[in-house]
Each structure stands twice: as C-alpha cells, then as structure tokens.
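Novice: Before we start, here is the structure in question, set down as structure tokens.
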Number of protein chains: 2
Amino acid sequence: MVKINTISTLKIAIAQLNYHIGNFELNSKKIIEAINEAKSNKADLIIFSELATCGYPPRDFLEFPDFINRCNEVLEKIKEESENIGIIVGSPTINPIPEGKDLFNSAYLIYNGKVEGIAHKALLPTYDIFDEYRYFEPVEKFEVIEFKGKKIALTVCEDIWNIGNDNPLYEICPMDELIKQKPDLMINVSASPFSANHAEDRLNIVRENVYRYKIPMFYCNQVGAHTEVVFDGGSVVANANGKIVAELPYFEENISYFDLKEVNDFQDEDNLQAKNKIALIHDAIVLGIRDYFGKLGFKQAILGLSGGIDSAVTLALAAEALGAENVMSVMMPSQFSSDHSVNDSVKMCELLGSPVKNIAIKPAYDAFLDMLEPHFEGKAFNVAEENIQARSRGLILMALSNKHGYILLNTSNKSEAAVGYGTLYGDMCGGLSVIGDVYKVDVYRLAEYCNRNGEIIPQNIITKPPSAELRPNQKDSDSLPDYNVLDEILFQYIEKRQGPNELIKMGYDANLVRRILKMVNRNEYKRYQTPPMIRVSNKAFGMGRRMPIVAKYLS
Amino acid sequence: MVKINTISTLKIAIAQLNYHIGNFELNSKKIIEAINEAKSNKADLIIFSELATCGYPPRDFLEFPDFINRCNEVLEKIKEESENIGIIVGSPTINPIPEGKDLFNSAYLIYNGKVEGIAHKALLPTYDIFDEYRYFEPVEKFEVIEFKGKKIALTVCEDIWNIGNDNPLYEICPMDELIKQKPDLMINVSASPFSANHAEDRLNIVRENVYRYKIPMFYCNQVGAHTEVVFDGGSVVANANGKIVAELPYFEENISYFDLKEVNDFQDEDNLQAKNKIALIHDAIVLGIRDYFGKLGFKQAILGLSGGIDSAVTLALAAEALGAENVMSVMMPSQFSSDHSVNDSVKMCELLGSPVKNIAIKPAYDAFLDMLEPHFEGKAFNVAEENIQARSRGLILMALSNKHGYILLNTSNKSEAAVGYGTLYGDMCGGLSVIGDVYKVDVYRLAEYCNRNGEIIPQNIITKPPSAELRPNQKDSDSLPDYNVLDEILFQYIEKRQGPNELIKMGYDANLVRRILKMVNRNEYKRYQTPPMIRVSNKAFGMGRRMPIVAKYLS
C-alpha cells in the first residue's frame, strides 16, 4: 500500500465534461483521457461530476441491475488509472441494507487503485425535473475524507443547497455536520441544470457556503444537454473569503487546474462570466440542439418555415447549432398564406445560406376536403379545416424526414404551448421543441439577439403581427390577448403558482385571468403529446411539470 | 362540546367513491351525499379514501396554494355535516414547519364540527406512477385517535405496506409504532391503483397486517379512472383472525356498512370476489374509457378499424364503455389492404350495431406522392411512403374528431409500443390508448373474452396473421419475432428489469435479445409522444416509466 504523504498544498483539477447517458464506453474514455491529462499536469486530485459514470439524469435506467453493473465496471477502469492521482467521481452505489431504496447517489474518492472514501448524497431533489428519491436512499451520517493530509468535506450536488433560504426543502444540512470534523476544503460534485437565472443562484449558494464554513469550495458541474435538460457547466472555485477564484466556462467542456494554497490566498476581483439572460438562453438552446443531434447520431434538421417569428428563430438557432447547410427549411403555403410569408422566408434562407423548399399544400388539402365532404355533413368551416392544413404540413415534413433522415424541429413557443394554440400532429410535430420553453415576448428578444452580428432574420419577420394563417386574415390577436399581458399571466401562473384570486389581486382582468387559466388547464392533453422542449426556465412544460389530464380545476 | 360516549360496538361505513381530480364541487357533493346516507343508516363512522377532497392523484396541482385552499374548503363543508357522525377523509395538510416539504398527506377524523384527530402519511410511495415525496413531508410520530371509546390506528395507504417482504422500501413501519398504543381497530384510507394482480396483493397485505397486529382492519380504496390510472375499489374488511369479512365490488362505487362487533365475531368463509386476470383487465379498461369520456364531458369516440385484432378489441371495449352507437369506426383501405380487412370490419360493426364509414385514402396518398415526388429524389419506396398512409389515416380521423366532437381512440398494443412498431402522428394518434398496456398475446385473450356472450369480434379477425398492410403482402412476422417469444422477452425486460445477460441465461437467443432491447430503447422518442395508456400492468409505458430519450444504453 502506498503511503499518503502530508503536503502543504494540493493541485486540483476540475473536469467539467459532457457525458452521454448510458454510453459507458464514451464516458469512461472521456474520464480516463481527463485523468491522463491531469496526470501530465501533475495534479494531485481530479474531480468529475455527479453520476459521471453513467451521465445525469439516467432516470429509470437506475432500476436495471445491469445498468448499475456497468457503472461499477467504469469505476473499476478508473481505479486502474488512479496511480498517484486522486480521482473524485460520481456513481451510484448499491445499498447493502434491505430496508430503504436500493441505491445511494455517491461520490467516490479513488486513489492508487483503492476507494479511499465514499460520500453518499443526503438531500435528494424530488421536485420539478428531479426524481431522486425514486431511486436513492438518503444518508444521515457524514464523514470527512482524508487525502494527502487534507480533510475533504465531500458532498453531492443538493447537499450544499439547504442553507440560507426561508423555506428549506429538507430537515438536515450535511455541511453543518461535516464542519464539526474540521475539514480543510469542500468539494461538491454536481449535475445542476441550466435555467436563465441558475448560474447566479449557483454562485450565491457557493458564496453562502464559504461564508458560513470559512473553507474553500471546489464545485464541479457537468455540461451538456440530455434531451430537454441542459447542463451549463459553470463550475466554481471560491475561497474562504467568499472570493470567486474561477467560474469555468458555460456550455463547453473544460478542465481547469487550481493550487489549493493559491486559492486560499486569492485576493483579486471575482472572476465572473457575463450573465445576459437572452444570451444564456440562446447558448443553452444551441447546445440543446447540438447535443440532441450529436448524441443521437444525426446531422440534419428539417423545419417548416412559415414566415413568422417562431420558425425564423428556430431556424437561426438550428443553423448555429448544426451549420446552416444542415437545416432544410420547407415553406408550405396555402390559400390563406400572405405573399410576405414566402418572400420573407426565402430572404432568410438566402441570408443564412441554408436550403429551402417550397411545397404548396393545396393538392393534399383539396384531396382531404373531397374525401371528407360526404362525412362533414355540410357543417361550416371550423378548426377541422384549419387543422387539415397544419397536419398536411406535418405530414410533408415527416415524409421528408423519413425519406432523407432529417430530424424535424418543432417551432412552437411557450405561450402557444401554454394556451393550446397549436395543432396536435400538425405544427406540434417534431423530435425536439427548440423554443417551447421561451415565451413569445422572449422569442422577439432572441430574434434581435440572433441578428447581433448582422441581419439573419429579416426585420419584416420581427415587426409583422403574428398570425397562424389558417383562415382568411387571421391574427393571433383575434383570439389571444396581447402577448405582453398573456405572458405575464402565464408566468405568474406556471412559474409562480399564483391562483386566480392572487392574479386578480395583482390587477389583471378577472375574466381574462379565468379564460387564460382555463385554456392552460384544458390543454394538458395536447402538451402530453408534444416533443420534449429544451428547458431554459425554472418551470418548463414536460418532465418537470406533471399535471393530470382528466381533471377539472380552473377549467 | 359534545361528550363522546363509550359504546361497545361501532357501525362503520366504507364509502368507495369515484372522484374527479380538482372538481371540488362534485367531490364535496358525493362526500356529503354519502354522509347523509350513512346518517340515515345510523352509522357511527364513515370512511372516505386518500385525498378524497381533491381526488387522487392531483399531481402538481398540489403545488398551487389555491388548490390546497379549495381542499380545505371541502373539509369545512364536511365539518358542517358531521353532527353525530364521525367522518374519516383524506386531504392534504399544510406543513406548519418551514423545514421540509410544504404538505402532509393526511387522514382527518372529523366529528361534531371538530377535527378529532389527524394522521399524516409516513411512507410516501415514490416509484412507478407515484411521486409523493415530490409534495409531502413524511412523519415519524404516530398516535392512535380515540373515537366513541375505541382507539383507532389510522393510517394512509402505503403506511400498511411495509411488512412481510424481503426488500421493504422504507426503514420504518407505522403500525409497529401504533400497536404499542393498543388500538382496537385499524383504518386505512387508500388510493391504490389497479393492476392485474393488485387485488390479490392488497388482500395479502391486509391479511399480513391483521395477523401481525391481531385487530381488525377497515381498508377504504377509491374507485374510478384518472386518465391512465384506474382505481379498482375492492375495499376490504378483515378481522383479527385474518378472515376477509368483505371485499367491496371492483370498478364501481359502493357504500357498505359493518358492525365492529360482528366483524370481530365473523367466522364464515372469506367473502372474496373472482379474480380472473383477463376479466379484470377487461373491466379496468372499460372503466378507464368510460371515466375518460365522462369526466372530460365527451360522449362519442372514433377509431380506425383496420380489420386487425387490435382495433377490433378496442372497438369492442369502447362499445361496452360508451354504447356501440357512440363509437364511430372508420375503415380507410389503401391499395395494400386485403379484401378481408374491409369485410371483417363491416361484419364486426354489424354484429355490434355500431356506425362505420369507409374512406379510401388513395386520393390523399396520391396527392402527397405527387407533391413530394420532386423532393424524394428518386429514392426507393421506404418507411416514408408507409408512414404517409398511416398519417393520412390519422389526419382523416382527427378531422372527423374536430368536425363532430369525437375523441379519437388509439388502438396500439403494448408489444408494438415497446418495439416502436407504429407511426408517430399516424396510428399512434389519439386522446387515449385503450390497449397500450396489453401485450399482443393478451389482446387475443381479451378478444376471446369480448366474445364470451356471443360473437362480437369475427373469428377471422382473431385467426388471421397480423399485418400492418402498409406494403404488399406485409406481415408482422416479417420484421418481428413470434409474439409469444417477443412478449416474454419484453415482459422480462420491461416489467422485471432483466438485462441482456440475464435474458440470455434464461435461454433466449442472444442476437434476438439484443435486437429487441435495442428496439425498445431506441423508441423512447416515439413513446414520449403517444397518448396516455390505460394502465393494467405493474409497469406501463407513460408516467410510471421514465426513460431518457437521448441515451445510448443497449441501443
């Protein structure tokens, strides 16, 4: 057995990597390459993020014993690489006790072929997109781990988040226990997902921890998108004085090195990154698209380009993620389409240099109307005819997708998704919803941001009044309130859980409030069948918002 | 204050009711009517099920303070009705302590206008379809509640389920604590959903409790379907000797009365109901359809009748749930359809006396092929053309649904859903999937059961080889293994979480196992967008099975 030396400092590497869930070969390769890089940089210790062996969130794969075995096989490989370097890595552990859940969510410290210590997670996020108590047993005992003469308070993600707010979710605070054992530093392995204000929250929680416990913190986050959930990285190093020594880059892989003594001595200005909300949302979506395609092994996207703002922004974001040449736009005008819809769309594809097709839907629309005429029983034009148009378009896009191997991008925004302003199996088709967590007012801001380096989205697309163009002279404002008002009410209801009484007290018109909440709640059935939406807010539709369909509340 | 008298027995009513989530008016009306009936029957005590005020599962509505207020308003109304009758009813309680989750999942004992006792739930199911730790704080202290001289050990659902198995999910056992206070009887308020073997499990757990604690148990379950989850009722009364005094009916509302002394003295044979698996699945699905329509306020269904077994069984079940006259079948033959497909379908609708339309899809199919010809670039017939057929059918069904107010029923089975043998936005459309949790081999058994009182499903539909009829002479067996083998492997993987090594050890062909698991895991993206499926197994696709889409495990 190798003797552990006491040294006065440590060189610590933070490896902020982009894993692929269940892709054990890729994940171990990435981890081992990082270890080798850290070795050649003479690091004493390298830190990987929460559940790095399998990628986070593995969801119900955790219920499969074979899946856990494969995580353990990765740990074995890591042990073989651990000569002269300490490796901290997240991986599930089988709970040896029959009582309680089958697993722990653990951080391992591996050194010279041996597990020198394990910290199991105590605070299991079970809200929004998180389901950790579904799988993991929480622990209530905590021990610091000694490494090269330093005592490490090792915690997993949420374990450092239960201080300093008015409504803590949990009854215990792991660091309050660990600090009694006089650790020299805190290390936290996380998988903490992006939302527009989360990087700020993360810095604040790290600051609160170092202020309270007066030792430095090394916080390692993962980066990368897993279907709807984007992890932004932004790993943090802070010292006992609350100085932010480093914030690792957002939305990209990075391995950074820190000398513990230098961290402790750091006196300069905080090293912070810019946090412009729209820019962050933009970058999160671009990574969300890129990883969706890259991890599924696809290169090319297709979308319906209507001439409106939503599909234009979707195209701009997809072009940035995949390359303009890899995004096929399809214009599918009908008798109700304006001339500017096609002209603006063509102009945008020219500006981008991306391919575009024009397929008028009239032949299919007419065929369906003929076929259905005897069965419509002379009833007036209604949503049925509108939806035939939207669904013919969906069918065309999916046919091209099936023929050429494109993935269809959905172009709906959050405001529409909220009130059910969209056609199931029509414009709600797609493998991935790009802006489904972006309210309409922010879609306009994103459009301006996409034009920051020159016009990509023609101004006319940004300035014209929104319309679905499914009947003559239709405008969104015919059936929906102004988006400024709509989006505020939606935000208060969806993100802040304000009820009708609270909203009316805030000054919104009572009838409008009731009408909007009814639209939201009546359209759960539609959202149940929509594609996964890249999450950029604290409360996105999809896995983090779980609603009954057959209910009658405010509906 | 009214003095509580000590009496030697109690007349106890169990109210097994069908609630509507969030429909507080309806739920309070039902509860109050039951209370009045119990009063006129001179009951001392009436028991309602878990979260009866709002209906179970309310899911994320629990995060809305307004929703909790409305539950409390129902409790206030119940108090007003509680003169001379004890009322046990489930409802959420706000956690007064800032630490921990915001709510408890509680059972109230209300009597003469006052809350006489509250039991909060300790064991919070957080697995499969259950998310209780998302909302509720567990308790660890337990007190019996005295009522008319009897000590009641009052528990909520899962609290009685942590005994007698090898891998208990929790570390504590509430009844082990309560029994120390020498209760006279156990009362459990539940919302315990149906699966094909669950009624048997429920009886066993009740028996294990009465054997262990040697006092009787009154177990009240809710009944009724909430989108995909069906509650079967089957409330139980058992005495200290383990005798099942009563099992309330499955799948219907019921109020039954029991004299505590008579229960204790009961010596006869157990009063059990029949538990034929296929009959139970049949009844669960019929209730699932009926409540989906009834609670949404719809009367009429539509479906595509292909001539195959799946749509035939779906039609038979829908006809039983809604009345044959309320189910519109649409045959949509293509050039690849066999003559028998139309003939068998017409025959079935004649047998049922249900309406049927015939709409050939050729005009739409040809229109799309013409429109897409320049864009298909001469590539060979493939899944694109197959899917145009399936999606044209989906479009026709949705158009009729939009025009006439039908709800479209999806006809896919679990085996297809598992391996992705279906077309998104085509035959995977629908508001509700009727047999999406029934493996193909059980679909045949259901078909035979549907014919138990005379032929409804023509024998030729049952005996012909299954085919999607999307290309010439296509048969399921061209691309899928025999359903007997496929369904066994799917069952072992999906329901039993067996991995590839375990399956191969069981004797299944290694290549076949890998191929099937790959199909299952690669098709998460399709299942993400399918309609809710009525759950009849222990592991249905949908809310109870949460998988990453962009993963690479066995895929």
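In the structure tokens, each chain is lettered A, B, ... as it comes, each chain's residues begin at 1, and ligands are numbered from 1 in order of appearance.
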If we count only C-alpha atoms and set the cut-off at 8 Å, which residues sit around range 460-464 of chain B, ignoring sequence neighbours fewer than 4 positions away in its own chain? Please answer as a JSON list (two decimals) with N, CA and C atoms, in the first residue's frame.

Specialist:
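out_11.json, freshly written:
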```json
[["chain", "number", "residue", "atom", "x", "y", "z"],
["B", 307, "GLY", "N", -59.40, -4.02, -39.59],
["B", 307, "GLY", "CA", -59.56, -5.44, -39.89],
["B", 307, "GLY", "C", -58.65, -6.31, -39.05],
["B", 308, "GLY", "N", -57.77, -5.69, -38.28],
["B", 308, "GLY", "CA", -56.86, -6.44, -37.41],
["B", 308, "GLY", "C", -57.43, -6.59, -36.01],
["B", 309, "ILE", "N", -56.71, -7.36, -35.21],
["B", 309, "ILE", "CA", -57.21, -7.72, -33.88],
["B", 309, "ILE", "C", -57.22, -6.52, -32.93],
["B", 312, "ALA", "N", -60.08, -4.12, -33.48],
["B", 312, "ALA", "CA", -61.33, -4.83, -33.18],
["B", 312, "ALA", "C", -61.57, -4.90, -31.67],
["B", 344, "ASP", "N", -64.29, -7.99, -42.83],
["B", 344, "ASP", "CA", -64.33, -8.35, -41.41],
["B", 344, "ASP", "C", -64.76, -7.15, -40.57],
["B", 444, "TYR", "N", -55.24, -11.12, -27.75],
["B", 444, "TYR", "CA", -56.03, -12.26, -28.25],
["B", 444, "TYR", "C", -56.94, -12.81, -27.16],
["B", 447, "ALA", "N", -59.81, -10.60, -26.78],
["B", 447, "ALA", "CA", -60.76, -10.79, -27.89],
["B", 447, "ALA", "C", -61.68, -11.95, -27.59]]
```

Novice: Kindly assemble as CSV a list of the chain A residues that lie within 6 Å of chain B, each paired with its nearest atom pair and their distance in Å to one decimal, using only C-alpha atoms, sorted first by chain and then by ascending residue number.

Specialist:
```
residue,atom,partner,partner_atom,distance
A:Ile21,CA,B:Ala551,CA,4.7
A:Gly22,CA,B:Tyr553,CA,4.6
A:Asn23,CA,B:Lys552,CA,4.9
A:Arg59,CA,B:Met547,CA,5.6
A:Asp60,CA,B:Arg546,CA,5.5
A:Phe64,CA,B:Arg497,CA,5.2
A:Asp66,CA,B:Gly499,CA,5.4
A:Pro98,CA,B:Asn167,CA,5.2
A:Glu99,CA,B:Pro168,CA,5.1
A:Gly100,CA,B:Tyr170,CA,4.3
A:Lys101,CA,B:Leu169,CA,5.5
A:Thr126,CA,B:Arg134,CA,5.0
A:Tyr127,CA,B:Arg134,CA,5.1
A:Arg134,CA,B:Thr126,CA,5.0
A:Asn167,CA,B:Pro98,CA,5.2
A:Pro168,CA,B:Glu99,CA,5.1
A:Leu169,CA,B:Gly100,CA,4.4
A:Tyr170,CA,B:Gly100,CA,4.3
A:Glu171,CA,B:Glu99,CA,5.3
A:His226,CA,B:Val550,CA,6.0
A:Thr227,CA,B:Val550,CA,5.4
A:Pro363,CA,B:Ala367,CA,5.8
A:Ala364,CA,B:Ala367,CA,5.3
A:Ala367,CA,B:Ala364,CA,5.3
A:Ala384,CA,B:Asn402,CA,4.8
A:Ala399,CA,B:Ala384,CA,5.0
A:Asn402,CA,B:Ala384,CA,4.8
A:Lys403,CA,B:Ala384,CA,5.3
A:Tyr425,CA,B:Tyr425,CA,5.1
A:Arg497,CA,B:Phe64,CA,5.2
A:Gly499,CA,B:Asp66,CA,5.4
A:Gln529,CA,B:Gln529,CA,4.2
A:Thr530,CA,B:Gln529,CA,5.9
A:Arg546,CA,B:Asp60,CA,5.5
A:Met547,CA,B:Asp60,CA,5.5
A:Val550,CA,B:Thr227,CA,5.4
A:Ala551,CA,B:Ile21,CA,4.7
A:Lys552,CA,B:Asn23,CA,4.9
A:Tyr553,CA,B:Gly22,CA,4.6
```

Novice: What does the distance from CA of Glu495 in chain B to CA of Ala540 in chain B come to in Å, to one decimal?

Specialist: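 Answer for the CA of Glu495 in chain B to CA of Ala540 in chain B separation: 8.3 Å.
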
Novice: Contacts of range 265-278 of chain B at 10 Å or less, counting only C-alpha atoms, minus same-chain residues fewer than 3 places along, as number ranges by chain?

Specialist: B: 195-200, 203, 234, 236-250, 259-262, 281-284, 442-443, 445-450, 536

Novice: Please identify all polymer residues within 10 Å of Tyr421 in chain B, counting only C-alpha atoms, omitting same-chain residues fewer than 3 positions from it, and present them as a PyMOL selection string.

Specialist: chain B and resi 412-418+424+427-428+468+476+479-480+519-520+523+526

Novice: What parts of range 109-177 of chain A does DSSP call strand (DSSP E or B)? I'd like the answer as a PyMOL selection string.

Specialist: chain A and resi 109-111+114-120+136+145-147+150-156

Novice: Suppose we keep N, CA, C and O atoms; can you now write the selection as an mmCIF file, in the first residue's frame?

Specialist:
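Now in again-v4.cif:
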```cif
data_model
loop_
_atom_site.group_PDB
_atom_site.id
_atom_site.type_symbol
_atom_site.label_atom_id
_atom_site.label_comp_id
_atom_site.auth_asym_id
_atom_site.auth_seq_id
_atom_site.Cartn_x
_atom_site.Cartn_y
_atom_site.Cartn_z
ATOM 1 N N LEU A 109 -13.951 8.745 -3.791
ATOM 2 C CA LEU A 109 -12.565 9.197 -3.891
ATOM 3 C C LEU A 109 -11.690 7.969 -4.079
ATOM 4 O O LEU A 109 -11.587 7.110 -3.188
ATOM 5 N N ILE A 110 -11.107 7.871 -5.247
ATOM 6 C CA ILE A 110 -10.299 6.707 -5.632
ATOM 7 C C ILE A 110 -8.842 7.146 -5.737
ATOM 8 O O ILE A 110 -8.543 8.223 -6.291
ATOM 9 N N TYR A 111 -7.961 6.326 -5.217
ATOM 10 C CA TYR A 111 -6.530 6.708 -5.215
ATOM 11 C C TYR A 111 -5.705 5.442 -5.169
ATOM 12 O O TYR A 111 -5.983 4.541 -4.363
ATOM 13 N N LYS A 114 -7.516 2.137 -5.037
ATOM 14 C CA LYS A 114 -8.416 1.847 -3.915
ATOM 15 C C LYS A 114 -9.467 2.944 -3.744
ATOM 16 O O LYS A 114 -9.206 4.115 -4.035
ATOM 17 N N VAL A 115 -10.611 2.552 -3.222
ATOM 18 C CA VAL A 115 -11.592 3.561 -2.828
ATOM 19 C C VAL A 115 -11.194 4.078 -1.446
ATOM 20 O O VAL A 115 -11.224 3.337 -0.463
ATOM 21 N N GLU A 116 -10.774 5.337 -1.392
ATOM 22 C CA GLU A 116 -10.319 5.918 -0.117
ATOM 23 C C GLU A 116 -11.488 6.477 0.693
ATOM 24 O O GLU A 116 -11.356 6.697 1.896
ATOM 25 N N GLY A 117 -12.594 6.727 0.028
ATOM 26 C CA GLY A 117 -13.745 7.252 0.757
ATOM 27 C C GLY A 117 -14.942 7.364 -0.174
ATOM 28 O O GLY A 117 -14.780 7.470 -1.405
ATOM 29 N N ILE A 118 -16.128 7.304 0.416
ATOM 30 C CA ILE A 118 -17.363 7.484 -0.358
ATOM 31 C C ILE A 118 -18.263 8.443 0.414
ATOM 32 O O ILE A 118 -18.425 8.294 1.627
ATOM 33 N N ALA A 119 -18.818 9.399 -0.285
ATOM 34 C CA ALA A 119 -19.849 10.248 0.321
ATOM 35 C C ALA A 119 -21.159 9.968 -0.411
ATOM 36 O O ALA A 119 -21.233 10.100 -1.634
ATOM 37 N N HIS A 120 -22.181 9.552 0.350
ATOM 38 C CA HIS A 120 -23.495 9.361 -0.255
ATOM 39 C C HIS A 120 -24.311 10.636 -0.095
ATOM 40 O O HIS A 120 -24.203 11.334 0.912
ATOM 41 N N PHE A 136 -32.975 6.669 -4.831
ATOM 42 C CA PHE A 136 -31.872 6.701 -3.868
ATOM 43 C C PHE A 136 -32.363 6.787 -2.433
ATOM 44 O O PHE A 136 -33.352 7.464 -2.127
ATOM 45 N N ILE A 145 -13.184 12.982 4.387
ATOM 46 C CA ILE A 145 -12.263 12.006 3.799
ATOM 47 C C ILE A 145 -10.879 12.627 3.784
ATOM 48 O O ILE A 145 -10.707 13.761 3.300
ATOM 49 N N GLU A 146 -9.892 11.900 4.308
ATOM 50 C CA GLU A 146 -8.545 12.451 4.320
ATOM 51 C C GLU A 146 -7.813 12.088 3.045
ATOM 52 O O GLU A 146 -7.903 10.952 2.564
ATOM 53 N N PHE A 147 -7.146 13.054 2.487
ATOM 54 C CA PHE A 147 -6.375 12.815 1.262
ATOM 55 C C PHE A 147 -5.136 13.699 1.288
ATOM 56 O O PHE A 147 -5.246 14.922 1.355
ATOM 57 N N LYS A 150 -4.966 16.391 3.792
ATOM 58 C CA LYS A 150 -6.059 17.377 3.857
ATOM 59 C C LYS A 150 -7.370 16.646 4.136
ATOM 60 O O LYS A 150 -7.621 15.562 3.602
ATOM 61 N N LYS A 151 -8.216 17.285 4.932
ATOM 62 C CA LYS A 151 -9.531 16.711 5.192
ATOM 63 C C LYS A 151 -10.554 17.335 4.239
ATOM 64 O O LYS A 151 -10.729 18.558 4.210
ATOM 65 N N ILE A 152 -11.192 16.464 3.469
ATOM 66 C CA ILE A 152 -12.140 16.931 2.443
ATOM 67 C C ILE A 152 -13.566 16.689 2.911
ATOM 68 O O ILE A 152 -13.924 15.567 3.293
ATOM 69 N N ALA A 153 -14.366 17.754 2.898
ATOM 70 C CA ALA A 153 -15.810 17.601 3.099
ATOM 71 C C ALA A 153 -16.410 17.398 1.714
ATOM 72 O O ALA A 153 -16.596 18.353 0.955
ATOM 73 N N LEU A 154 -16.694 16.139 1.395
ATOM 74 C CA LEU A 154 -17.159 15.788 0.046
ATOM 75 C C LEU A 154 -18.676 15.654 0.064
ATOM 76 O O LEU A 154 -19.239 14.906 0.866
ATOM 77 N N THR A 155 -19.330 16.388 -0.825
ATOM 78 C CA THR A 155 -20.797 16.340 -0.891
ATOM 79 C C THR A 155 -21.249 16.221 -2.336
ATOM 80 O O THR A 155 -20.492 16.499 -3.269
ATOM 81 N N VAL A 156 -22.511 15.814 -2.488
ATOM 82 C CA VAL A 156 -23.086 15.639 -3.815
ATOM 83 C C VAL A 156 -24.179 16.685 -4.027
ATOM 84 O O VAL A 156 -25.168 16.714 -3.295
#
```

Novice: What lies within 12 Å of Asp478 in chain A using only C-alpha atoms, ignoring chain neighbours under 2 positions off, as a PyMOL selection string?

Specialist: chain A and resi 465-469+471-476+480-483

Novice: With only C-alpha atoms as the counted atoms, please give the residues lying no more than 12 Å from Glu73 in chain A, apart from itself and same-chain residues fewer than 2 positions off, as a ChimeraX atom specification.

Specialist: /A:24-25,27-28,53-54,66-71,75-80,91-92

Novice: Kindly give the distance, in Å, that separates CA of Glu177 in chain B and CA of Asn209 in chain B, rounded to a single decimal.

Specialist: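 Answer for the CA of Glu177 in chain B to CA of Asn209 in chain B separation: 13.1 Å.
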